[in-house]
Amino acid sequence: MKAAWAMIVLASLLPNVVQAQSAEVDKIRAHAEKGEVEAQNTLGLAYRNGRGVAQDYTQAAQWFQKAADNGHAAAQRNLGMLYLEGAGVKQDRSEAIKWLRKAAEQNFAPAESFLGLLLVNGDSGDAKTKEGLMWLQKAAATNYAEAEEKLGELYLFGKGVAENVPEAIKYFERAAAQNYASAQDQLGRLYLDGKGVRKDEAKAAGLFRSAAMQNYAASEETLGWMYLEGKGVRKDEAEAARFFKRAAEQHYASAENHLGMLYENGKGVPQDFQKAADLYREAAANGYGGAQNNLAIAYALGRGVPKDPVEAHAWFTLAANHGDKNRQDLWEEVKKQLTPQQMAEAEKRVKELEGKKP
């Protein structure tokens with residue numbers, strides 16, 4: 001029984017991979033009802049994640065609250081997150097900060113890190129920004145990768161601190177060494193651009209690949225571009241398509257657009273205008289201007305979709321609103337094809353599409 005309970009406690013430390021089945025949840029509940037805080041927090045995680053029980057944020061909040069009231073740091077952090085999201089409890093940023101601070105005061109690095117980021121990104125003034133930096137630095141001092149990466153971002157962009165690229169690189173390197181994907185991506189971009197470091201496209205590609213192995217969409221998309229252009233890697237259109245596809249499967253809009261362009265031009269994949277248009281539509285619906293422009297061209301030419309000047313004009317308009325104005329000559333031709341009634345219909349369509357923004 002002790003060995004089984006040890007596994008349950010371990011699962012509580014890994015909320016995103018809790019694999020509790022119904023029988024295991026029953027065991028956890030028995031311990032939770034006896035007032036055991038580890039079990040209460042674990043049961044809260046099961047309800048929050050819908051593992052072994054139907055997802056129920058209200059139940060999650062109640063069990064986190066029981067453990068949090070008894071000083072359980074992870075439960076305090078979990079309860080704070082629910083208050084921040086308004087899941088199972090009324091959304092309350094002040095209450096969220098209160099519980100995150102209680103956990104942080106117990107030197108719980110995940111709470112220190114998130115509380116720090118919350119305060120730095122808030123609009124409460126310099127005092128809160130300084131407190132936020134303090135919490136991030138405390139978490140980073142324990143080699144907590146998330147805090148290291150966030151500090152790197154702050155120093156890179158000069159947010160809440162003076163811009164300091166060498167300091168940013170230091171924190172990115174520390175987090176990247178722990179295989180933290182977003183830090184590997186950030187560091188890769190610095191090597192790709194030669195910012196603060198000697199430009200090294202091959203090293204950048206290696207960092208992006210490490211992040212891509214963790215399904216980090218931004219790195220997958222950038223690797224796709226590097227294979228397409230032969231930057232830091234041997235030019236390989238099929239490999240470019242593979243990485244764009246991986247990122248597109250995560251609905252990463254620029255990758256959907258790039259993959260659509262490969263299908264349109266038959267590069268690295270068989271030419272398929274319909275697949276190209278479908279990908280453009282996915283990215284366009286997410287507000288990606290380049291894809292909106294490409295979808296407009298597809299409707300104007302009837303490439304992969306039925307020719308439709310009304311739809312073409314609507315998507316050209318949306319793309320232009322995002323600063324994407326490729327094929328202005330074609331747009332002018334489309335305008336000439338529209339009757340006053342169709343023009344009014346296209347303008348109505350623009351408003352309709354704008355109302356669907358995610």
# chains A, B, ... in the order shown; residues from 1 in each chain; ligands from 1
>>> residues_around(residues="A:Lys128", least_positions_apart="2", cutoff="12 Å", atoms="only C-alpha atoms", output="ChimeraX atom specification")
/A:97,115-126,130-135,160
>>> residues_around(residues="A:Lys150", least_positions_apart="3", cutoff="9 Å", atoms="only C-alpha atoms", output="list in words")
Ser113, Leu117, Leu136, Ala145, Glu146, Ala147, Glu153, Leu154, Tyr155, Tyr171, Phe172 and Ala183 of chain A
>>> write_last_selection(atoms="C-alpha atoms", output="compact mmCIF listing (two decimals), in the first residue's frame")
# COMPACT_ATOMS: atom_id res chain seq x y z
CA SER A 113 7.90 31.82 -11.50
CA LEU A 117 5.51 36.77 -14.58
CA LEU A 136 11.45 35.23 -11.05
CA ALA A 145 13.88 26.61 -16.40
CA GLU A 146 10.60 28.47 -16.94
CA ALA A 147 11.79 31.37 -14.80
CA GLU A 153 12.86 37.43 -22.48
CA LEU A 154 12.64 40.40 -20.11
CA TYR A 155 16.33 41.23 -20.55
CA TYR A 171 19.39 32.86 -18.88
CA PHE A 172 18.40 31.32 -22.23
CA ALA A 183 14.54 28.87 -24.47
>>> residues_around(residues="stretch 220-227 of chain A", least_positions_apart="6", cutoff="8 Å", atoms="only C-alpha atoms", output="list in words")
Ala205, Phe208, Arg209, Ala211, Ala212, Val233, Arg234, Lys235, Asp236, Glu237, Glu239, Ala240, Ala241, Arg242, Phe243, Phe244, Arg246, Ala247, Ser254 and Ala255 of chain A
>>> residues_around(residues="A:Val310", least_positions_apart="4", cutoff="8 Å", atoms="only C-alpha atoms", output="PyMOL selection string")
chain A and resi 314+338+342-343+345-346
>>> residues_around(residues="A:Tyr252", least_positions_apart="6", cutoff="8 Å", atoms="only C-alpha atoms", output="PyMOL selection string")
chain A and resi 217-218+283
>>> atom_distance(atom1="atom CA of A:Ala46", atom2="atom CA of A:Phe114")
21.5 Å
>>> closest_residue(among="A:Val25, A:Ala320, A:Ala168, A:Ala176", to="A:Tyr288", atoms="only C-alpha atoms")
A:Ala320
>>> atom_distance(atom1="atom CA of A:Ala87", atom2="atom CA of A:Ala75")
14.7 Å
>>> atom_distance(atom1="atom CA of A:Thr317", atom2="atom CA of A:Asn265")
24.2 Å
>>> closest_residue(among="A:Asn294, A:Asn107, A:Asn143, A:Gln59", to="A:Ala175", atoms="only C-alpha atoms")
A:Asn143
>>> residues_around(residues="A:Pro309", least_positions_apart="2", cutoff="7 Å", atoms="only C-alpha atoms", output="ChimeraX atom specification")
/A:299-300,307,311-313,334,338
>>> select_by_dssp(residues="stretch 131-261 of chain A", states="alpha helix (DSSP H)", output="PyMOL selection string")
chain A and resi 131-141+145-157+165-176+181-193+201-212+217-229+237-248+253-261
>>> write_last_selection(atoms="C-alpha atoms", output="compact mmCIF listing (two decimals), in the first residue's frame")
# COMPACT_ATOMS: atom_id res chain seq x y z
CA GLU A 131 8.43 42.28 -6.87
CA GLY A 132 7.78 40.20 -9.97
CA LEU A 133 11.44 40.29 -10.94
CA MET A 134 12.37 39.26 -7.42
CA TRP A 135 10.16 36.16 -7.61
CA LEU A 136 11.45 35.23 -11.05
CA GLN A 137 15.04 35.59 -9.86
CA LYS A 138 14.30 33.44 -6.80
CA ALA A 139 12.91 30.68 -9.00
CA ALA A 140 15.78 31.02 -11.47
CA ALA A 141 18.26 30.70 -8.61
CA ALA A 145 13.88 26.61 -16.40
CA GLU A 146 10.60 28.47 -16.94
CA ALA A 147 11.79 31.37 -14.80
CA GLU A 148 15.18 31.42 -16.51
CA GLU A 149 13.53 31.62 -19.93
CA LYS A 150 11.14 34.38 -18.83
CA LEU A 151 14.00 36.41 -17.35
CA GLY A 152 15.84 35.97 -20.63
CA GLU A 153 12.86 37.43 -22.48
CA LEU A 154 12.64 40.40 -20.11
CA TYR A 155 16.33 41.23 -20.55
CA LEU A 156 16.15 40.67 -24.31
CA PHE A 157 13.28 43.12 -24.80
CA VAL A 165 21.31 40.94 -24.41
CA PRO A 166 24.30 39.17 -22.75
CA GLU A 167 22.20 38.69 -19.60
CA ALA A 168 19.33 37.38 -21.74
CA ILE A 169 21.67 34.91 -23.42
CA LYS A 170 22.90 33.71 -20.02
CA TYR A 171 19.39 32.86 -18.88
CA PHE A 172 18.40 31.32 -22.23
CA GLU A 173 21.49 29.10 -22.15
CA ARG A 174 20.70 27.93 -18.63
CA ALA A 175 17.13 27.01 -19.56
CA ALA A 176 18.13 25.52 -22.92
CA ALA A 181 11.98 24.25 -25.71
CA SER A 182 11.06 27.94 -25.73
CA ALA A 183 14.54 28.87 -24.47
CA GLN A 184 16.12 26.75 -27.20
CA ASP A 185 13.91 28.57 -29.71
CA GLN A 186 14.85 32.01 -28.34
CA LEU A 187 18.55 31.18 -28.34
CA GLY A 188 18.28 29.75 -31.83
CA ARG A 189 16.86 33.04 -33.10
CA LEU A 190 19.76 34.97 -31.58
CA TYR A 191 22.26 32.71 -33.38
CA LEU A 192 20.23 32.93 -36.58
CA ASP A 193 20.28 36.75 -36.48
CA GLU A 201 23.00 29.27 -38.73
CA ALA A 202 24.07 25.66 -38.17
CA LYS A 203 24.01 26.12 -34.39
CA ALA A 204 20.64 27.85 -34.69
CA ALA A 205 19.31 24.88 -36.65
CA GLY A 206 20.52 22.51 -33.94
CA LEU A 207 18.73 24.49 -31.26
CA PHE A 208 15.53 24.66 -33.31
CA ARG A 209 15.74 20.91 -33.89
CA SER A 210 16.03 20.25 -30.15
CA ALA A 211 12.90 22.31 -29.55
CA ALA A 212 11.12 20.72 -32.52
CA ALA A 217 5.61 24.72 -33.24
CA ALA A 218 7.58 27.95 -33.67
CA SER A 219 10.84 26.01 -34.01
CA GLU A 220 9.26 23.49 -36.38
CA GLU A 221 8.06 26.34 -38.60
CA THR A 222 11.48 28.03 -38.57
CA LEU A 223 13.23 24.76 -39.38
CA GLY A 224 10.87 24.34 -42.30
CA TRP A 225 11.91 27.74 -43.59
CA MET A 226 15.60 26.92 -43.09
CA TYR A 227 15.29 23.69 -45.08
CA LEU A 228 13.37 25.54 -47.78
CA GLU A 229 16.08 28.21 -48.06
CA GLU A 237 11.99 20.88 -49.82
CA ALA A 238 10.54 17.57 -48.63
CA GLU A 239 12.07 18.10 -45.18
CA ALA A 240 10.77 21.66 -45.19
CA ALA A 241 7.28 20.34 -45.89
CA ARG A 242 7.62 17.80 -43.08
CA PHE A 243 8.43 20.45 -40.49
CA PHE A 244 5.77 22.86 -41.78
CA LYS A 245 3.25 20.02 -41.56
CA ARG A 246 4.18 19.28 -37.94
CA ALA A 247 3.67 22.90 -36.96
CA ALA A 248 0.51 23.21 -39.07
CA ALA A 253 -0.80 29.91 -38.80
CA SER A 254 2.43 30.86 -40.56
CA ALA A 255 3.29 27.16 -40.99
CA GLU A 256 -0.16 26.50 -42.46
CA ASN A 257 0.47 29.32 -44.93
CA HIS A 258 3.96 28.07 -45.84
CA LEU A 259 2.71 24.52 -46.29
CA GLY A 260 -0.12 25.81 -48.46
CA MET A 261 2.42 27.55 -50.68
